[in-house]
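Structure below is protein-v2.csv: CSV, C-alpha atoms and all ligand atoms.
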```csv
chain,number,residue,atom,x,y,z
A,14,MET,CA,59.2,95.6,106.9
A,15,ASN,CA,62.7,94.4,107.8
A,16,SER,CA,64.3,95.5,110.9
A,17,MET,CA,67.2,98.0,110.4
A,18,LYS,CA,69.2,96.3,113.1
A,19,LYS,CA,69.4,93.1,111.3
A,20,VAL,CA,73.0,92.0,110.9
A,21,GLN,CA,74.0,91.4,107.3
A,22,LYS,CA,75.9,88.3,106.2
A,23,CYS,CA,79.1,88.4,104.2
A,24,ASN,CA,80.1,85.8,101.7
A,25,LYS,CA,83.5,85.5,103.3
A,26,ALA,CA,84.1,82.9,106.0
A,27,ASN,CA,83.4,84.4,109.3
A,28,PHE,CA,84.5,83.7,112.8
A,29,ALA,CA,82.7,84.7,115.9
A,30,THR,CA,85.9,85.5,117.8
A,31,LYS,CA,89.4,86.7,117.0
A,32,GLU,CA,90.8,83.6,118.6
A,33,ASP,CA,88.9,81.4,116.2
A,34,ALA,CA,90.2,83.4,113.2
A,35,VAL,CA,93.8,83.3,114.4
A,36,LYS,CA,93.5,79.6,115.0
A,37,LYS,CA,92.3,79.1,111.4
A,38,ILE,CA,95.2,81.1,110.1
A,39,SER,CA,97.7,78.8,111.8
A,40,ASP,CA,95.7,75.8,110.7
A,41,ILE,CA,96.0,77.0,107.1
A,42,LYS,CA,99.7,77.6,107.5
A,43,GLU,CA,100.1,74.1,108.8
A,44,THR,CA,98.1,72.3,106.1
A,45,ASP,CA,97.7,74.4,103.0
A,46,ARG,CA,101.2,74.6,101.7
A,47,GLY,CA,100.2,74.6,98.1
A,48,THR,CA,98.0,77.7,97.9
A,49,LYS,CA,99.6,80.9,96.9
A,50,ILE,CA,97.3,83.3,98.8
A,51,LYS,CA,97.4,82.6,102.4
A,52,PRO,CA,95.6,84.6,105.0
A,53,ARG,CA,98.0,86.6,107.2
A,54,ARG,CA,95.7,88.4,109.6
A,55,SER,CA,92.2,88.6,110.9
A,56,TYR,CA,90.1,91.7,111.0
A,57,TYR,CA,86.8,92.7,112.4
A,58,CYS,CA,84.0,93.2,109.9
A,59,LYS,CA,81.4,95.8,110.9
A,60,ILE,CA,78.9,94.5,108.3
A,61,CYS,CA,78.4,91.0,109.7
A,62,GLN,CA,80.0,91.7,113.1
A,63,CYS,CA,82.4,88.7,112.8
A,64,PHE,CA,86.0,88.2,112.1
A,65,HIS,CA,87.3,87.5,108.6
A,66,LEU,CA,90.7,86.4,107.3
A,67,THR,CA,92.7,88.5,104.9
A,68,SER,CA,95.9,87.9,103.0
A,69,MET,CA,96.5,91.7,102.8
A,70,THR,CA,98.9,93.4,105.1
A,71,LYS,CA,97.6,96.1,107.4
A,72,LYS,CA,99.0,98.7,105.1
A,73,GLN,CA,97.4,97.2,102.0
A,74,GLN,CA,94.1,96.9,103.8
A,75,TYR,CA,94.3,100.5,105.1
A,76,SER,CA,94.9,102.0,101.7
A,77,LEU,CA,92.0,100.0,100.3
A,78,LYS,CA,89.8,101.3,103.1
A,79,VAL,CA,90.9,104.9,102.5
A,80,LYS,CA,89.9,104.5,98.8
A,81,LEU,CA,86.5,103.1,99.8
A,82,ASP,CA,85.9,105.8,102.3
A,83,TYR,CA,86.8,108.4,99.8
A,84,SER,CA,84.4,107.1,97.2
A,85,GLN,CA,81.7,106.9,99.8
A,86,GLU,CA,82.3,110.5,100.7
A,87,LEU,CA,82.3,111.5,97.1
A,88,ARG,CA,79.0,109.8,96.6
A,89,LYS,CA,77.5,111.6,99.6
A,90,GLU,CA,78.6,114.9,98.1
A,91,ILE,CA,77.0,114.1,94.8
A,92,ILE,CA,73.7,113.1,96.4
A,93,LYS,CA,73.8,116.2,98.5
A,94,LYS,CA,74.3,118.4,95.4
A,95,GLU,CA,71.5,116.6,93.5
A,96,ILE,CA,69.1,117.1,96.4
A,97,GLU,CA,70.1,120.8,96.6
A,98,GLU,CA,69.6,121.2,92.9
A,99,GLU,CA,66.2,119.7,93.0
A,100,TYR,CA,65.2,121.9,95.9
A,101,TYR,CA,66.1,125.1,94.1
A,102,LEU,CA,64.6,123.9,90.9
A,103,LYS,CA,61.3,123.3,92.7
A,104,LYS,CA,61.6,126.5,94.8
A,105,PHE,CA,62.1,128.8,91.9
A,106,ASN,CA,60.0,126.7,89.6
A,107,ILE,CA,62.8,126.3,87.1
A,108,LYS,CA,62.1,123.8,84.3
A,201,ZN,ZN,81.7,90.5,107.1
```
Output the structure of this file as structure tokens.
Amino acid sequence: MNSMKKVQKCNKANFATKEDAVKKISDIKETDRGTKIKPRRSYYCKICQCFHLTSMTKKQQYSLKVKLDYSQELRKEIIKKEIEEEYYLKKFNIK
């Protein structure tokens, strides 16, 4: 059985420290003049516990996060309802 504490890996480039990520951003600014999407900021990722780069502004990222959190909450509610439903169906032997 896998340990629950195992840190997951993201497909995105990850940096062990914020300094590394910030340095990469300035490197890209220096060299990659042709690319349209350039990372602006670094952010901490809870999934892989590293820093990633993003081209989104803080505001854009925040609104995305709110949407994600919302859908996760919604899913939790649905699961809760399904469990409750099943419980009552069993309890009262409803078929
Ligand atoms: Zn990550």
- request: Dump the neighbourhood of ligand ZN 201 (chain A) as number ranges by chain: all residues within 12 Å, distances computed on all atoms listed in the file.
  value: A: 20-29, 55-67
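When atom CA of Arg53 of chain A is paired with atom CA of Tyr75 of chain A, their separation reads 14.5 Å.
When atom CA of Thr44 of chain A is paired with atom CA of Lys71 of chain A, their separation reads 23.8 Å.
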message: Residues near Val35 of chain A, anyone? I mean within 8 Å using all atoms listed in the file, not counting same-chain ones fewer than 4 positions away, as a VMD selection string.
response: chain A and resid 31 39 54 to 55
query: By how many Å are atom CA of Ser68 of chain A and atom CA of Gly47 of chain A apart?
result: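 Between atom CA of Ser68 of chain A and atom CA of Gly47 of chain A the gap works out to 14.8 Å.
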